[in-house]
Structures are given as C-alpha cells and as structure tokens.
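S.K.: Below is data-v9.txt; it holds compact mmCIF, N, CA and C atoms.
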# COMPACT_ATOMS: atom_id res chain seq x y z
N MET A 8 0.84 -1.18 0.00
CA MET A 8 0.00 0.00 0.00
C MET A 8 0.89 1.25 0.00
N ARG A 9 0.44 2.24 -0.75
CA ARG A 9 1.17 3.50 -0.81
C ARG A 9 0.21 4.64 -0.49
N ASN A 10 0.79 5.75 -0.08
CA ASN A 10 0.00 6.94 0.26
C ASN A 10 -0.12 7.83 -0.97
N TYR A 11 -1.35 8.25 -1.26
CA TYR A 11 -1.63 9.13 -2.39
C TYR A 11 -2.45 10.32 -1.92
N GLU A 12 -2.34 11.41 -2.67
CA GLU A 12 -3.21 12.57 -2.49
C GLU A 12 -4.08 12.68 -3.74
N LEU A 13 -5.36 12.80 -3.54
CA LEU A 13 -6.30 12.96 -4.64
C LEU A 13 -6.99 14.31 -4.47
N LEU A 14 -6.77 15.21 -5.43
CA LEU A 14 -7.43 16.51 -5.41
C LEU A 14 -8.50 16.50 -6.50
N VAL A 15 -9.73 16.81 -6.10
CA VAL A 15 -10.87 16.76 -7.01
C VAL A 15 -11.50 18.15 -7.07
N VAL A 16 -11.78 18.62 -8.28
CA VAL A 16 -12.51 19.88 -8.48
C VAL A 16 -13.89 19.51 -8.98
N ILE A 17 -14.90 19.92 -8.20
CA ILE A 17 -16.29 19.54 -8.48
C ILE A 17 -17.07 20.79 -8.88
N GLN A 18 -18.10 20.59 -9.67
CA GLN A 18 -18.94 21.70 -10.13
C GLN A 18 -19.47 22.51 -8.94
N PRO A 19 -19.43 23.83 -9.03
CA PRO A 19 -19.79 24.67 -7.87
C PRO A 19 -21.28 24.76 -7.58
N ASP A 20 -22.13 24.42 -8.53
CA ASP A 20 -23.57 24.60 -8.35
C ASP A 20 -24.26 23.37 -7.75
N LEU A 21 -23.50 22.40 -7.24
CA LEU A 21 -24.09 21.23 -6.61
C LEU A 21 -24.58 21.56 -5.20
N GLU A 22 -25.66 20.91 -4.81
CA GLU A 22 -26.16 21.08 -3.45
C GLU A 22 -25.30 20.25 -2.49
N GLU A 23 -25.46 20.47 -1.21
CA GLU A 23 -24.67 19.77 -0.20
C GLU A 23 -24.89 18.26 -0.24
N THR A 24 -26.13 17.84 -0.50
CA THR A 24 -26.40 16.40 -0.54
C THR A 24 -25.72 15.74 -1.74
N ALA A 25 -25.72 16.42 -2.88
CA ALA A 25 -25.06 15.88 -4.07
C ALA A 25 -23.55 15.86 -3.89
N LEU A 26 -23.02 16.86 -3.21
CA LEU A 26 -21.59 16.92 -2.93
C LEU A 26 -21.18 15.78 -1.99
N ALA A 27 -22.01 15.52 -0.99
CA ALA A 27 -21.75 14.42 -0.06
C ALA A 27 -21.84 13.08 -0.79
N GLU A 28 -22.73 12.98 -1.75
CA GLU A 28 -22.88 11.75 -2.53
C GLU A 28 -21.62 11.48 -3.36
N VAL A 29 -21.04 12.52 -3.94
CA VAL A 29 -19.81 12.36 -4.73
C VAL A 29 -18.66 11.88 -3.85
N THR A 30 -18.51 12.49 -2.67
CA THR A 30 -17.43 12.06 -1.77
C THR A 30 -17.67 10.64 -1.27
N THR A 31 -18.92 10.26 -1.06
CA THR A 31 -19.23 8.89 -0.65
C THR A 31 -18.87 7.89 -1.75
N LYS A 32 -19.15 8.24 -3.01
CA LYS A 32 -18.80 7.37 -4.12
C LYS A 32 -17.28 7.17 -4.20
N ILE A 33 -16.53 8.25 -4.06
CA ILE A 33 -15.08 8.16 -4.13
C ILE A 33 -14.55 7.31 -2.97
N ASN A 34 -15.08 7.53 -1.77
CA ASN A 34 -14.69 6.71 -0.62
C ASN A 34 -15.01 5.24 -0.86
N GLY A 35 -16.15 4.97 -1.46
CA GLY A 35 -16.55 3.59 -1.76
C GLY A 35 -15.62 2.92 -2.75
N TRP A 36 -15.21 3.65 -3.79
CA TRP A 36 -14.30 3.08 -4.78
C TRP A 36 -12.95 2.72 -4.15
N VAL A 37 -12.49 3.57 -3.24
CA VAL A 37 -11.21 3.31 -2.59
C VAL A 37 -11.31 2.09 -1.69
N THR A 38 -12.37 2.00 -0.90
CA THR A 38 -12.50 0.86 0.02
C THR A 38 -12.79 -0.44 -0.73
N GLU A 39 -13.48 -0.37 -1.87
CA GLU A 39 -13.73 -1.57 -2.67
C GLU A 39 -12.43 -2.16 -3.22
N SER A 40 -11.47 -1.31 -3.49
CA SER A 40 -10.19 -1.79 -4.04
C SER A 40 -9.22 -2.20 -2.93
N GLY A 41 -9.67 -2.19 -1.69
CA GLY A 41 -8.83 -2.63 -0.58
C GLY A 41 -8.05 -1.52 0.09
N GLY A 42 -8.29 -0.29 -0.27
CA GLY A 42 -7.58 0.84 0.31
C GLY A 42 -8.38 1.50 1.42
N THR A 43 -7.79 2.55 1.98
CA THR A 43 -8.47 3.32 3.02
C THR A 43 -8.34 4.81 2.72
N VAL A 44 -9.33 5.57 3.16
CA VAL A 44 -9.29 7.03 3.06
C VAL A 44 -8.86 7.53 4.44
N GLU A 45 -7.68 8.09 4.50
CA GLU A 45 -7.14 8.57 5.78
C GLU A 45 -7.80 9.88 6.21
N LYS A 46 -8.03 10.79 5.24
CA LYS A 46 -8.58 12.10 5.57
C LYS A 46 -9.27 12.68 4.34
N THR A 47 -10.36 13.38 4.58
CA THR A 47 -11.07 14.11 3.53
C THR A 47 -11.15 15.57 3.97
N ASP A 48 -10.61 16.46 3.14
CA ASP A 48 -10.55 17.87 3.50
C ASP A 48 -11.27 18.69 2.42
N ASN A 49 -12.39 19.29 2.78
CA ASN A 49 -13.16 20.11 1.86
C ASN A 49 -12.63 21.54 1.93
N TRP A 50 -12.01 22.00 0.85
CA TRP A 50 -11.44 23.35 0.80
C TRP A 50 -12.49 24.40 0.44
N GLY A 51 -13.65 23.97 0.00
CA GLY A 51 -14.72 24.90 -0.33
C GLY A 51 -14.63 25.41 -1.76
N LYS A 52 -15.46 26.40 -2.05
CA LYS A 52 -15.53 26.96 -3.39
C LYS A 52 -14.39 27.97 -3.58
N ARG A 53 -13.66 27.80 -4.68
CA ARG A 53 -12.55 28.69 -5.00
C ARG A 53 -12.59 29.07 -6.47
N ARG A 54 -11.93 30.16 -6.78
CA ARG A 54 -11.86 30.68 -8.14
C ARG A 54 -10.85 29.84 -8.94
N LEU A 55 -11.23 29.46 -10.15
CA LEU A 55 -10.34 28.71 -11.03
C LEU A 55 -9.42 29.67 -11.79
N ALA A 56 -8.27 29.18 -12.20
CA ALA A 56 -7.34 30.01 -12.97
C ALA A 56 -7.87 30.25 -14.39
N TYR A 57 -8.64 29.32 -14.90
CA TYR A 57 -9.25 29.45 -16.23
C TYR A 57 -10.58 28.70 -16.21
N GLN A 58 -11.42 29.00 -17.18
CA GLN A 58 -12.74 28.38 -17.22
C GLN A 58 -12.63 26.90 -17.57
N ILE A 59 -13.40 26.08 -16.86
CA ILE A 59 -13.53 24.67 -17.15
C ILE A 59 -15.02 24.39 -17.28
N GLN A 60 -15.44 23.88 -18.42
CA GLN A 60 -16.84 23.60 -18.70
C GLN A 60 -17.73 24.82 -18.43
N LYS A 61 -17.25 25.98 -18.85
CA LYS A 61 -17.94 27.27 -18.72
C LYS A 61 -18.17 27.67 -17.25
N GLN A 62 -17.34 27.17 -16.35
CA GLN A 62 -17.44 27.51 -14.93
C GLN A 62 -16.20 28.30 -14.52
N ARG A 63 -16.40 29.34 -13.71
CA ARG A 63 -15.28 30.14 -13.20
C ARG A 63 -14.87 29.70 -11.79
N ASP A 64 -15.73 28.95 -11.08
CA ASP A 64 -15.44 28.50 -9.73
C ASP A 64 -15.53 26.97 -9.67
N GLY A 65 -14.98 26.42 -8.60
CA GLY A 65 -15.07 24.99 -8.38
C GLY A 65 -14.92 24.68 -6.91
N VAL A 66 -15.46 23.56 -6.48
CA VAL A 66 -15.33 23.10 -5.10
C VAL A 66 -14.16 22.12 -5.05
N TYR A 67 -13.17 22.44 -4.23
CA TYR A 67 -11.97 21.62 -4.12
C TYR A 67 -12.10 20.69 -2.93
N ILE A 68 -11.80 19.41 -3.14
CA ILE A 68 -11.79 18.42 -2.06
C ILE A 68 -10.50 17.61 -2.17
N LEU A 69 -9.79 17.52 -1.05
CA LEU A 69 -8.54 16.77 -0.99
C LEU A 69 -8.75 15.49 -0.19
N PHE A 70 -8.37 14.37 -0.80
CA PHE A 70 -8.45 13.06 -0.14
C PHE A 70 -7.03 12.56 0.09
N LEU A 71 -6.74 12.08 1.28
CA LEU A 71 -5.49 11.39 1.56
C LEU A 71 -5.80 9.91 1.60
N LEU A 72 -5.21 9.16 0.67
CA LEU A 72 -5.56 7.76 0.46
C LEU A 72 -4.38 6.84 0.77
N ASN A 73 -4.70 5.65 1.16
CA ASN A 73 -3.74 4.56 1.30
C ASN A 73 -4.28 3.44 0.44
N ILE A 74 -3.66 3.23 -0.75
CA ILE A 74 -4.22 2.34 -1.75
C ILE A 74 -3.10 1.62 -2.49
N LEU A 75 -3.42 0.48 -3.07
CA LEU A 75 -2.45 -0.26 -3.88
C LEU A 75 -2.19 0.48 -5.20
N PRO A 76 -0.94 0.49 -5.67
CA PRO A 76 -0.66 1.17 -6.94
C PRO A 76 -1.44 0.59 -8.12
N SER A 77 -1.76 -0.70 -8.07
CA SER A 77 -2.50 -1.30 -9.18
C SER A 77 -3.95 -0.83 -9.22
N ALA A 78 -4.48 -0.30 -8.13
CA ALA A 78 -5.86 0.15 -8.08
C ALA A 78 -6.03 1.60 -8.53
N THR A 79 -4.94 2.30 -8.77
CA THR A 79 -5.06 3.72 -9.14
C THR A 79 -5.64 3.90 -10.54
N ASN A 80 -5.36 2.98 -11.45
CA ASN A 80 -5.91 3.10 -12.81
C ASN A 80 -7.43 3.00 -12.79
N GLU A 81 -7.97 2.09 -12.00
CA GLU A 81 -9.42 1.94 -11.91
C GLU A 81 -10.06 3.17 -11.27
N LEU A 82 -9.42 3.71 -10.24
CA LEU A 82 -9.92 4.91 -9.59
C LEU A 82 -9.92 6.09 -10.56
N ASP A 83 -8.85 6.23 -11.33
CA ASP A 83 -8.75 7.29 -12.32
C ASP A 83 -9.84 7.16 -13.38
N ARG A 84 -10.10 5.95 -13.81
CA ARG A 84 -11.14 5.71 -14.83
C ARG A 84 -12.52 6.06 -14.27
N ASN A 85 -12.79 5.67 -13.04
CA ASN A 85 -14.09 5.97 -12.43
C ASN A 85 -14.29 7.47 -12.27
N LEU A 86 -13.24 8.19 -11.90
CA LEU A 86 -13.35 9.64 -11.72
C LEU A 86 -13.59 10.34 -13.05
N ARG A 87 -13.03 9.82 -14.14
CA ARG A 87 -13.24 10.43 -15.45
C ARG A 87 -14.71 10.38 -15.87
N PHE A 88 -15.41 9.31 -15.46
CA PHE A 88 -16.81 9.16 -15.87
C PHE A 88 -17.80 9.72 -14.86
N LEU A 89 -17.33 10.24 -13.74
CA LEU A 89 -18.22 10.85 -12.75
C LEU A 89 -18.51 12.28 -13.19
N GLU A 90 -19.74 12.55 -13.54
CA GLU A 90 -20.10 13.81 -14.20
C GLU A 90 -19.82 15.08 -13.40
N PRO A 91 -20.10 15.15 -12.10
CA PRO A 91 -19.85 16.41 -11.38
C PRO A 91 -18.37 16.76 -11.23
N VAL A 92 -17.47 15.80 -11.46
CA VAL A 92 -16.03 16.07 -11.33
C VAL A 92 -15.53 16.74 -12.59
N MET A 93 -15.03 17.98 -12.44
CA MET A 93 -14.50 18.72 -13.58
C MET A 93 -13.05 18.35 -13.84
N ARG A 94 -12.24 18.23 -12.79
CA ARG A 94 -10.84 17.85 -12.89
C ARG A 94 -10.46 17.05 -11.66
N HIS A 95 -9.45 16.21 -11.81
CA HIS A 95 -8.90 15.49 -10.67
C HIS A 95 -7.42 15.23 -10.91
N MET A 96 -6.68 15.08 -9.81
CA MET A 96 -5.26 14.81 -9.90
C MET A 96 -4.87 13.87 -8.76
N LEU A 97 -4.30 12.74 -9.11
CA LEU A 97 -3.85 11.75 -8.15
C LEU A 97 -2.32 11.75 -8.14
N THR A 98 -1.73 12.07 -6.98
CA THR A 98 -0.27 12.13 -6.88
C THR A 98 0.19 11.27 -5.72
N LEU A 99 1.41 10.80 -5.83
CA LEU A 99 2.03 10.00 -4.78
C LEU A 99 2.50 10.92 -3.67
N ALA A 100 2.11 10.63 -2.45
CA ALA A 100 2.50 11.46 -1.29
C ALA A 100 3.66 10.79 -0.59
N GLU A 101 4.65 11.54 -0.23
CA GLU A 101 5.82 11.01 0.47
C GLU A 101 5.78 11.39 1.93
Step by step, read the file and then write its structure as structure tokens.
M.R.:
Amino acid sequence: MRNYELLVVIQPDLEETALAEVTTKINGWVTESGGTVEKTDNWGKRRLAYQIQKQRDGVYILFLLNILPSATNELDRNLRFLEPVMRHMLTLAE
C-alpha cells in the first residue's frame, strides 16, 4: 500500500447532498479496491485560474488515500466518468 493525495474539483452549483454523494462514491471506490481514506478535506468553493466547462469556480476536495498502486488506474477511470467532477489529480505522497 502507498499513500496518495487525490485533489478533485467539483462543479460549484451542486447542493450539499449531491456533494456528499460524490465524496461517498469516491470513498466507496477506494474501500472496494482494498484501500483506506485517511482524511477528507473540503477546501470549499474557490476561483479557477481558467474556465472549465464554462465555470469560473469549483469546489476543491482533498483526499489522503492509502491504496495499492495497481488500483489507481481503476480509480482514475471511475473519476473520469463521474459527471460532477470537472478535474482530478492523483499524486504519490511522500
């Protein structure tokens, strides 16, 4: 198992329940692959450097994960198809 940081930018016009549903889905994908979510940090709505999908703002959420390296491809694929997620970045944390 390795430690990863996952930063997700979500559409700003989502309600709190829909935002909680997205974080629950991401947590579920990590635990299904045998990993754990160490911490979830909601940074709130912030201004983007450039427009993404005609949006000027986005909700940033940082996940600290402990997951197998072989499971990162599946997590990346699932995040690509999750509609409220505008951008995501998975990096190895040291």
S.K.: Tell me which of A:Thr47, A:Asn10, A:Thr30, A:Gln18 sits closest to Val66 (chain A), counting only N, CA and C atoms.
M.R.: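 Ranked by minimum distance to Val66 (chain A), first place goes to A:Gln18.
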S.K.: Determine which residues of chain A receive a DSSP assignment of strand (DSSP E), computed from the backbone, and state them as a PyMOL selection string.
M.R.: chain A and resi 9-17+43-59+62-74+92-99
S.K.: Once 4 Å is added on each side, what centre and edge lengths in Å to one decimal does the axis-aligned box around all listed atoms of region 53-64 of chain A have, as JSON?
M.R.:
{"center_x": -12.8, "center_y": 27.1, "center_z": -11.8, "size_x": 18.8, "size_y": 15.1, "size_z": 22.2}
S.K.: Could you work out how far CA of Pro91 (chain A) lies from CA of Val16 (chain A), giving the answer in Å with one decimal?
M.R.: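 Those two atoms sit 8.6 Å apart.
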S.K.: At a cut-off of 6 Å around the point (-10.3, 17.5, 1.6) (file coordinates), what residues fall inside when counting all atoms listed in the file? I'd like the answer as a list in words.
M.R.: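 Residues found, by chain and rising number: Lys46, Thr47, Asp48, Asn49, Trp50, Tyr67, Ile68, Leu69 and Phe70 of chain A.
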S.K.: How many Å separate CA of Arg84 (chain A) from CA of Arg63 (chain A)?
M.R.: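 Taking CA of Arg84 (chain A) as the start and CA of Arg63 (chain A) as the end point, the length is 24.8 Å.
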S.K.: Determine, counting only C-alpha atoms, which protein, DNA and RNA residues have an atom within 10 Å of an atom of Leu71 (chain A); residues of the same chain fewer than 5 positions away are not included. Present the result as JSON, numbers by chain.
M.R.: {"A": [10, 11, 12, 13, 14, 43, 44, 45, 46, 47, 48, 97, 98, 99, 100]}
S.K.: One decimal, Å: what's the distance from atom N of Gly42 (chain A) over to CA of Ile74 (chain A), could you say?
M.R.: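 That distance, rounded to one decimal, is 5.1 Å.
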S.K.: Identify, on the basis of only C-alpha atoms, every residue whose closest approach to Pro19 (chain A) does not exceed 7 Å; exclude the query and any residue fewer than 3 positions from it along the same chain; express the result as a list in words.
M.R.: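 The neighbour list is Lys52, Asp64, Gly65 and Val66 of chain A.
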